[in-house]
Amino acid sequence: MHNFHHLNLKLTLLFLFPVLMLFSFNSYSQSPGFTIKKIWDKAPHNAFTDLIRFKGKFYCSFREANSHAIRTSADFGKIRVLISNDGEEWQSFALIEKKGYDLRDPSLSITPAGKLMLLMAGSLYDGVKISGVHCQVSFLDQKKNSFSGTEPVKYDKKVNSDLNWLWRITWFKGKAYGVVYQLEKGTGQSKIYLVKSKDGINYTLVTPLEVEGTPNETALNITPEGKLALLVRREGKNEDGLYGESNYPFKKWNWVHSGFKLGGPKFIFAPGGEMLIGTRTFSKTGDWLTGLLVSDSTGRFRQIFEFPSKGDCSYPGMLIYNDKLYFSYYSSHEGKPSIYLAQIPVSRLQTVMQAQNDRNIEIGKRWTIDRAQNWYKQHEWISGSDFIPSTAINQLEMWQSSTFDPITIDRELGWAESIGFNTMRVYLHSLAWKQDPTGFKQRVEHYLSIADRHHIKTIFVFFDDCWNKGGFAGIQPLPKPGIHNSGWVQDPGDPASKDSTNFPLLESYVKDVMKSFAKDKRVLLWDLYNEPGNSGKLTTTLPLLKKVFSWAREVNPEQPVSAGLWNWNFKEFNEFQALNSDIITYHDYQGPQVHQNIINLLKTHGRPLICTEYMARTLNSRFSNVLPMLKKENVGAINWGLVSGKTNTIYAWDKPYPDGGQPVEWFHDVFKKDGTPYQQNEVDLIKQVNAGRVHIPN
């Protein structure tokens, strides 16, 4: 319901992944139990760590070489393994090398047979260019107290090439799972494949992983729920890391953008279920650093620690033992790249996470991604329109006792049903409730009973910042000829929405209505605030937006709550709405190409999407080019306007027809007042897209 149509669209992740409070390790290094120390610096270049505890001892592996990059064969790397009884004092346990190979990126795991396994990349060079990558494995021989000679990793024909890099593995139900990134010679591009093995040596393809960009280093782990989880580093144009989850047999993947550029990622799960991620991070100026990220049940990623680090650095190993996080990494902030070990009490880590939560803009108990997705799967594809009967100029005329028109509502919802629409988005108004709370709710019940007879569910909207500043009870004005929404009124209006003394009454309104229908299956979703900040209000209505979310969370309805994103320049609103909505709803009146970009961006949340306003013909947002796209993307589709009436929404926002004549092309709406379609081909398309669930009324 924008009252303008030129949006300065910026497709960034800024509003999806805000930068929150970041703790420097130094600020906690004096706390009891916090330690950080250099544990190895013998070689000119010490890097790429991993960490594990096996048979009562700690093992730390890393690469030793003359430099990070290869200049001559003298720079080929070897794998050093350190051992410690207590995590404090470390000594060399093994040095593994393979003639003619540059060994790097060692990772440690424990096989189902109880063996300590070391996986490492082995690169062949033609001068300074990689000519082949042949990963190697070695196993700890406990009797000899040494690692075996290296064995080459082998792949089946579906994966095999000369440039396969199996970066890390994890074991699940007797099998090793890993992600191979396959380099394409001369292009700098790569593809990734999920593979599995019974012995850690011979691997077969599980599935190619369809990931955009140039994916490479991929960390794996098993979630507390038993899913396989991946964290993928990407390069090129799409360089923020991807997080994916899949249920066994791990062939169908759900992906979420992390919002962070990653380097050498590793992750584990904390006792509380949070995912702890160690990775190379990047300062605003592009400097390399080492950070600790966390992701919780909401699916948001945020950085909570920055370790002492600089330059060539990161590639951590991580484990939790005796209520401590042990975190190995390398860094060159004190000169040459050296190996460091940090120890962080889990209790203090939880304190840091809680401190962030206390400052977090998220309110109440937002639905988890799994709950949101399960809810969406329980409903047939959502399609419909924003609805007000043609006899009402605004929300008050729809809901006030003297003008409530169930006959028109019944007739027009019948037209909606006839073309397969199953959802209406309907605006309430606090003034109509204030006049007569009991009667207002009875009329809402009456409306719902009519809609239900037509197999239509309803999205109710509480507050609205669009159009006329002040509403009033009683007889509503007549439409102004040729003026779009000439009588529509904001709720609670301006300046009422800015005045906190109004909030107690508004709280009573929201809670009374929501509690009355909190378990009503006819209500699909609660849309708490339409286009907050519109009409020049900007952030003055942010306090009310936050309040209505907190009131809704206190009621805790069975239906999801949301507030639709609508202006991509409104960073504060977008952050809050995106991170507090159970289901992501949004408005878009632009053409299909831009709209598709919006969908791609919003899908990074991993939550279901419903477009609660679209279809402005003269802006090239049409049923013909947008509705099929929304169905293909499984995005709910709610267009503005069902029947042409007193709202005058056949006219564009900014192009009035003062004489009230017919516009060259209708802006919104599907039907004329007599039920005749504005365009028969549009109605035919809508029926076709909705095919398979159209209920033909008797």
# chains A, B, ... in the order shown; residues from 1 in each chain; ligands from 1
$ residues_around --residues "range 409-424 of chain A" --least-positions-apart "3" --cutoff "7 Å" --atoms "only C-alpha atoms" --output "CSV table (one decimal) with C-alpha atoms, in the first residue's frame"
chain,number,residue,atom,x,y,z
A,382,ILE,CA,-1.4,-19.4,-0.1
A,383,SER,CA,-3.0,-17.2,-2.7
A,384,GLY,CA,-5.6,-14.4,-2.4
A,385,SER,CA,-5.9,-10.7,-2.0
A,386,ASP,CA,-6.1,-7.8,0.4
A,387,PHE,CA,-9.8,-7.4,1.0
A,389,PRO,CA,-15.9,-4.8,0.6
A,405,ASP,CA,-22.1,-5.3,5.3
A,406,PRO,CA,-22.2,-9.1,5.5
A,450,ILE,CA,-18.6,-16.1,6.1
A,451,ALA,CA,-15.0,-16.5,4.9
A,454,HIS,CA,-16.0,-19.9,1.2
A,455,HIS,CA,-12.9,-22.0,2.3
A,456,ILE,CA,-11.0,-18.8,2.9
A,457,LYS,CA,-8.6,-18.1,5.8
A,458,THR,CA,-7.7,-14.6,6.9
A,459,ILE,CA,-4.7,-12.6,7.7
A,675,GLY,CA,-18.6,-9.5,-10.4
A,683,VAL,CA,-9.0,-14.4,-14.1
A,686,ILE,CA,-5.5,-17.0,-11.7
A,687,LYS,CA,-7.7,-20.1,-11.9
A,690,ASN,CA,-4.7,-22.1,-8.4
A,693,ARG,CA,-7.8,-26.7,-5.2
A,694,VAL,CA,-10.5,-24.5,-6.6
A,695,HIS,CA,-13.7,-25.1,-4.7
A,696,ILE,CA,-16.7,-24.3,-6.9
A,697,PRO,CA,-19.5,-22.9,-4.7
$ closest_atom_pairs --of "range 467-571 of chain A" --to "range 613-621 of chain A" --cutoff "12 Å" --atoms "only C-alpha atoms" --output "tab-separated table"
residue	atom	partner	partner_atom	distance
A:Asn530	CA	A:Glu613	CA	10.3
A:Glu531	CA	A:Glu613	CA	10.6
A:Gly564	CA	A:Glu613	CA	9.1
A:Leu565	CA	A:Glu613	CA	10.4
A:Trp566	CA	A:Glu613	CA	9.1
$ write_last_selection --atoms "C-alpha atoms" --output "CSV table (one decimal), in the first residue's frame"
chain,number,residue,atom,x,y,z
A,530,ASN,CA,1.4,-2.5,7.9
A,531,GLU,CA,4.2,-0.5,6.4
A,564,GLY,CA,5.9,-7.1,6.4
A,565,LEU,CA,9.1,-5.6,5.0
A,566,TRP,CA,8.3,-2.9,2.5
$ select_by_dssp --residues "range 383-522 of chain A" --states "alpha helix (DSSP H)" --output "ChimeraX atom specification"
/A:395-399,406-418,430-435,437-453,503-516
$ residues_around --residues "Leu428 in chain A" --least-positions-apart "6" --cutoff "9 Å" --atoms "only C-alpha atoms" --output "list in words"
Gln395, Leu396, Met398, Trp399, Val444, Phe460, Val461, Phe462, Phe463 and Asp491 of chain A
$ residues_around --residues "range 142-149 of chain A" --least-positions-apart "3" --cutoff "7 Å" --atoms "only C-alpha atoms" --output "PyMOL selection string"
chain A and resi 94+138-139
$ closest_residue --among "A:Ser581, A:Ser190, A:Asn567, A:Asn202" --to "Gln136 in chain A" --atoms "only C-alpha atoms"
A:Asn202
$ residues_around --residues "Trp381 in chain A" --least-positions-apart "3" --cutoff "9 Å" --atoms "only C-alpha atoms" --output "list in words"
Tyr376, Lys377, Asn422, Lys631, Asn634, Val635, Gly636, Ala637 and Asn690 of chain A
$ select_by_dssp --residues "range 229-273 of chain A" --states "strand (DSSP E or B)" --output "PyMOL selection string"
chain A and resi 229-235+240-246+254-261+266-269
$ write_last_selection --atoms "N, CA and C atoms" --output "compact mmCIF listing (two decimals), in the first residue's frame"
# COMPACT_ATOMS: atom_id res chain seq x y z
N ALA A 229 24.98 -31.16 9.19
CA ALA A 229 25.08 -29.71 9.00
C ALA A 229 26.39 -29.39 8.30
N LEU A 230 26.34 -28.45 7.38
CA LEU A 230 27.51 -28.01 6.63
C LEU A 230 27.66 -26.50 6.74
N LEU A 231 28.90 -26.04 6.76
CA LEU A 231 29.21 -24.62 6.71
C LEU A 231 30.22 -24.43 5.58
N VAL A 232 29.82 -23.69 4.55
CA VAL A 232 30.56 -23.63 3.29
C VAL A 232 31.18 -22.25 3.08
N ARG A 233 32.48 -22.23 2.87
CA ARG A 233 33.15 -21.01 2.45
C ARG A 233 32.93 -20.80 0.96
N ARG A 234 32.72 -19.54 0.56
CA ARG A 234 32.54 -19.22 -0.86
C ARG A 234 33.42 -18.03 -1.23
N GLU A 235 33.82 -18.01 -2.49
CA GLU A 235 34.61 -16.91 -3.03
C GLU A 235 33.86 -16.28 -4.20
N ASP A 240 29.58 -14.64 0.96
CA ASP A 240 29.20 -14.92 2.34
C ASP A 240 28.97 -16.42 2.49
N GLY A 241 29.34 -16.95 3.64
CA GLY A 241 29.27 -18.39 3.87
C GLY A 241 27.84 -18.88 3.92
N LEU A 242 27.65 -20.14 3.53
CA LEU A 242 26.34 -20.77 3.56
C LEU A 242 26.29 -21.84 4.64
N TYR A 243 25.15 -21.91 5.34
CA TYR A 243 24.92 -22.97 6.31
C TYR A 243 23.79 -23.85 5.77
N GLY A 244 24.01 -25.16 5.76
CA GLY A 244 23.00 -26.08 5.26
C GLY A 244 22.73 -27.20 6.23
N GLU A 245 21.48 -27.70 6.21
CA GLU A 245 21.09 -28.85 7.03
C GLU A 245 20.32 -29.84 6.17
N SER A 246 20.44 -31.11 6.51
CA SER A 246 19.71 -32.15 5.79
C SER A 246 19.48 -33.34 6.70
N ASN A 254 18.57 -27.66 2.88
CA ASN A 254 18.04 -26.32 3.10
C ASN A 254 19.21 -25.41 3.45
N TRP A 255 19.33 -24.30 2.72
CA TRP A 255 20.49 -23.42 2.87
C TRP A 255 20.09 -22.07 3.44
N VAL A 256 20.96 -21.52 4.27
CA VAL A 256 20.77 -20.19 4.85
C VAL A 256 22.09 -19.44 4.72
N HIS A 257 22.01 -18.18 4.35
CA HIS A 257 23.21 -17.35 4.30
C HIS A 257 23.64 -16.98 5.72
N SER A 258 24.92 -17.07 5.99
CA SER A 258 25.43 -16.70 7.31
C SER A 258 25.57 -15.20 7.47
N GLY A 259 25.77 -14.50 6.34
CA GLY A 259 26.03 -13.07 6.42
C GLY A 259 27.48 -12.73 6.70
N PHE A 260 28.34 -13.75 6.78
CA PHE A 260 29.76 -13.54 7.06
C PHE A 260 30.60 -14.19 5.97
N LYS A 261 31.64 -13.49 5.56
CA LYS A 261 32.65 -14.12 4.72
C LYS A 261 33.50 -14.99 5.64
N LYS A 266 35.26 -23.94 11.19
CA LYS A 266 35.08 -25.16 12.01
C LYS A 266 33.94 -24.84 12.97
N PHE A 267 33.06 -25.81 13.24
CA PHE A 267 32.00 -25.53 14.19
C PHE A 267 31.68 -26.76 15.03
N ILE A 268 31.20 -26.49 16.24
CA ILE A 268 30.74 -27.51 17.16
C ILE A 268 29.47 -26.99 17.82
N PHE A 269 28.82 -27.82 18.60
CA PHE A 269 27.60 -27.41 19.28
C PHE A 269 27.85 -27.34 20.79
$ residues_around --residues "Ile650 in chain A" --least-positions-apart "6" --cutoff "6 Å" --atoms "only C-alpha atoms" --output "number ranges by chain"
A: 666-668
$ decode --residues "range 220-233 of chain A" --atoms "all heavy atoms" --output "PDB file, in the first residue's frame"
ATOM      1  N   LEU A 220      31.836 -29.822   8.638  1.00  0.00           N
ATOM      2  CA  LEU A 220      30.672 -30.675   8.854  1.00  0.00           C
ATOM      3  C   LEU A 220      30.526 -31.005  10.328  1.00  0.00           C
ATOM      4  O   LEU A 220      31.517 -31.073  11.064  1.00  0.00           O
ATOM      5  CB  LEU A 220      30.784 -32.005   8.099  1.00  0.00           C
ATOM      6  CG  LEU A 220      31.116 -32.018   6.617  1.00  0.00           C
ATOM      7  CD1 LEU A 220      32.618 -32.043   6.414  1.00  0.00           C
ATOM      8  CD2 LEU A 220      30.484 -33.237   5.953  1.00  0.00           C
ATOM      9  N   ASN A 221      29.291 -31.257  10.729  1.00  0.00           N
ATOM     10  CA  ASN A 221      29.029 -31.781  12.063  1.00  0.00           C
ATOM     11  C   ASN A 221      27.603 -32.311  12.090  1.00  0.00           C
ATOM     12  O   ASN A 221      26.818 -32.060  11.176  1.00  0.00           O
ATOM     13  CB  ASN A 221      29.236 -30.723  13.145  1.00  0.00           C
ATOM     14  CG  ASN A 221      29.756 -31.314  14.443  1.00  0.00           C
ATOM     15  OD1 ASN A 221      29.428 -32.452  14.793  1.00  0.00           O
ATOM     16  ND2 ASN A 221      30.569 -30.560  15.159  1.00  0.00           N
ATOM     17  N   ILE A 222      27.285 -33.032  13.138  1.00  0.00           N
ATOM     18  CA  ILE A 222      25.939 -33.558  13.336  1.00  0.00           C
ATOM     19  C   ILE A 222      25.237 -32.687  14.373  1.00  0.00           C
ATOM     20  O   ILE A 222      25.765 -32.441  15.455  1.00  0.00           O
ATOM     21  CB  ILE A 222      25.968 -35.028  13.804  1.00  0.00           C
ATOM     22  CG1 ILE A 222      26.759 -35.888  12.805  1.00  0.00           C
ATOM     23  CG2 ILE A 222      24.556 -35.560  13.973  1.00  0.00           C
ATOM     24  CD1 ILE A 222      26.188 -35.911  11.413  1.00  0.00           C
ATOM     25  N   THR A 223      24.042 -32.202  14.034  1.00  0.00           N
ATOM     26  CA  THR A 223      23.305 -31.343  14.954  1.00  0.00           C
ATOM     27  C   THR A 223      22.762 -32.169  16.118  1.00  0.00           C
ATOM     28  O   THR A 223      22.670 -33.400  16.034  1.00  0.00           O
ATOM     29  CB  THR A 223      22.129 -30.652  14.248  1.00  0.00           C
ATOM     30  OG1 THR A 223      21.107 -31.626  13.967  1.00  0.00           O
ATOM     31  CG2 THR A 223      22.573 -29.990  12.944  1.00  0.00           C
ATOM     32  N   PRO A 224      22.361 -31.516  17.206  1.00  0.00           N
ATOM     33  CA  PRO A 224      21.752 -32.252  18.323  1.00  0.00           C
ATOM     34  C   PRO A 224      20.512 -33.038  17.910  1.00  0.00           C
ATOM     35  O   PRO A 224      20.152 -34.015  18.564  1.00  0.00           O
ATOM     36  CB  PRO A 224      21.399 -31.137  19.312  1.00  0.00           C
ATOM     37  CG  PRO A 224      22.389 -30.048  19.030  1.00  0.00           C
ATOM     38  CD  PRO A 224      22.585 -30.096  17.539  1.00  0.00           C
ATOM     39  N   GLU A 225      19.861 -32.623  16.784  1.00  0.00           N
ATOM     40  CA  GLU A 225      18.664 -33.326  16.309  1.00  0.00           C
ATOM     41  C   GLU A 225      18.992 -34.466  15.356  1.00  0.00           C
ATOM     42  O   GLU A 225      18.089 -35.142  14.862  1.00  0.00           O
ATOM     43  CB  GLU A 225      17.722 -32.344  15.598  1.00  0.00           C
ATOM     44  CG  GLU A 225      17.192 -31.222  16.467  1.00  0.00           C
ATOM     45  CD  GLU A 225      18.200 -30.097  16.655  1.00  0.00           C
ATOM     46  OE1 GLU A 225      19.107 -29.963  15.807  1.00  0.00           O
ATOM     47  OE2 GLU A 225      18.099 -29.368  17.664  1.00  0.00           O
ATOM     48  N   GLY A 226      20.289 -34.675  15.083  1.00  0.00           N
ATOM     49  CA  GLY A 226      20.684 -35.773  14.216  1.00  0.00           C
ATOM     50  C   GLY A 226      20.722 -35.437  12.742  1.00  0.00           C
ATOM     51  O   GLY A 226      20.788 -36.335  11.898  1.00  0.00           O
ATOM     52  N   LYS A 227      20.705 -34.165  12.406  1.00  0.00           N
ATOM     53  CA  LYS A 227      20.845 -33.755  11.009  1.00  0.00           C
ATOM     54  C   LYS A 227      22.325 -33.567  10.690  1.00  0.00           C
ATOM     55  O   LYS A 227      23.134 -33.296  11.579  1.00  0.00           O
ATOM     56  CB  LYS A 227      20.102 -32.440  10.759  1.00  0.00           C
ATOM     57  CG  LYS A 227      18.603 -32.505  10.985  1.00  0.00           C
ATOM     58  CD  LYS A 227      17.969 -31.136  10.742  1.00  0.00           C
ATOM     59  CE  LYS A 227      16.477 -31.175  10.978  1.00  0.00           C
ATOM     60  NZ  LYS A 227      15.841 -29.846  10.741  1.00  0.00           N
ATOM     61  N   LEU A 228      22.658 -33.683   9.412  1.00  0.00           N
ATOM     62  CA  LEU A 228      23.999 -33.350   8.970  1.00  0.00           C
ATOM     63  C   LEU A 228      24.017 -31.859   8.646  1.00  0.00           C
ATOM     64  O   LEU A 228      23.156 -31.361   7.915  1.00  0.00           O
ATOM     65  CB  LEU A 228      24.389 -34.169   7.738  1.00  0.00           C
ATOM     66  CG  LEU A 228      25.803 -33.930   7.190  1.00  0.00           C
ATOM     67  CD1 LEU A 228      26.868 -34.239   8.232  1.00  0.00           C
ATOM     68  CD2 LEU A 228      26.038 -34.766   5.934  1.00  0.00           C
ATOM     69  N   ALA A 229      24.982 -31.157   9.194  1.00  0.00           N
ATOM     70  CA  ALA A 229      25.083 -29.710   8.998  1.00  0.00           C
ATOM     71  C   ALA A 229      26.395 -29.387   8.302  1.00  0.00           C
ATOM     72  O   ALA A 229      27.434 -29.983   8.600  1.00  0.00           O
ATOM     73  CB  ALA A 229      25.012 -28.982  10.343  1.00  0.00           C
ATOM     74  N   LEU A 230      26.343 -28.448   7.376  1.00  0.00           N
ATOM     75  CA  LEU A 230      27.510 -28.008   6.625  1.00  0.00           C
ATOM     76  C   LEU A 230      27.664 -26.501   6.743  1.00  0.00           C
ATOM     77  O   LEU A 230      26.678 -25.762   6.799  1.00  0.00           O
ATOM     78  CB  LEU A 230      27.378 -28.355   5.134  1.00  0.00           C
ATOM     79  CG  LEU A 230      27.056 -29.785   4.735  1.00  0.00           C
ATOM     80  CD1 LEU A 230      26.969 -29.891   3.222  1.00  0.00           C
ATOM     81  CD2 LEU A 230      28.101 -30.740   5.272  1.00  0.00           C
ATOM     82  N   LEU A 231      28.903 -26.041   6.759  1.00  0.00           N
ATOM     83  CA  LEU A 231      29.211 -24.622   6.710  1.00  0.00           C
ATOM     84  C   LEU A 231      30.222 -24.429   5.581  1.00  0.00           C
ATOM     85  O   LEU A 231      31.329 -24.953   5.640  1.00  0.00           O
ATOM     86  CB  LEU A 231      29.783 -24.141   8.045  1.00  0.00           C
ATOM     87  CG  LEU A 231      29.868 -22.635   8.266  1.00  0.00           C
ATOM     88  CD1 LEU A 231      28.496 -21.979   8.175  1.00  0.00           C
ATOM     89  CD2 LEU A 231      30.496 -22.335   9.619  1.00  0.00           C
ATOM     90  N   VAL A 232      29.818 -23.692   4.546  1.00  0.00           N
ATOM     91  CA  VAL A 232      30.560 -23.634   3.289  1.00  0.00           C
ATOM     92  C   VAL A 232      31.177 -22.255   3.085  1.00  0.00           C
ATOM     93  O   VAL A 232      30.469 -21.238   3.112  1.00  0.00           O
ATOM     94  CB  VAL A 232      29.638 -23.960   2.091  1.00  0.00           C
ATOM     95  CG1 VAL A 232      30.434 -23.972   0.788  1.00  0.00           C
ATOM     96  CG2 VAL A 232      28.927 -25.288   2.300  1.00  0.00           C
ATOM     97  N   ARG A 233      32.477 -22.234   2.866  1.00  0.00           N
ATOM     98  CA  ARG A 233      33.152 -21.009   2.454  1.00  0.00           C
ATOM     99  C   ARG A 233      32.925 -20.798   0.957  1.00  0.00           C
ATOM    100  O   ARG A 233      32.937 -21.745   0.181  1.00  0.00           O
ATOM    101  CB  ARG A 233      34.650 -21.121   2.738  1.00  0.00           C
ATOM    102  CG  ARG A 233      35.477 -19.947   2.221  1.00  0.00           C
ATOM    103  CD  ARG A 233      36.962 -20.161   2.484  1.00  0.00           C
ATOM    104  NE  ARG A 233      37.769 -19.071   1.944  1.00  0.00           N
ATOM    105  CZ  ARG A 233      39.097 -18.975   2.093  1.00  0.00           C
ATOM    106  NH1 ARG A 233      39.751 -19.907   2.763  1.00  0.00           N
ATOM    107  NH2 ARG A 233      39.760 -17.952   1.579  1.00  0.00           N
TER     108      ARG A 233
END
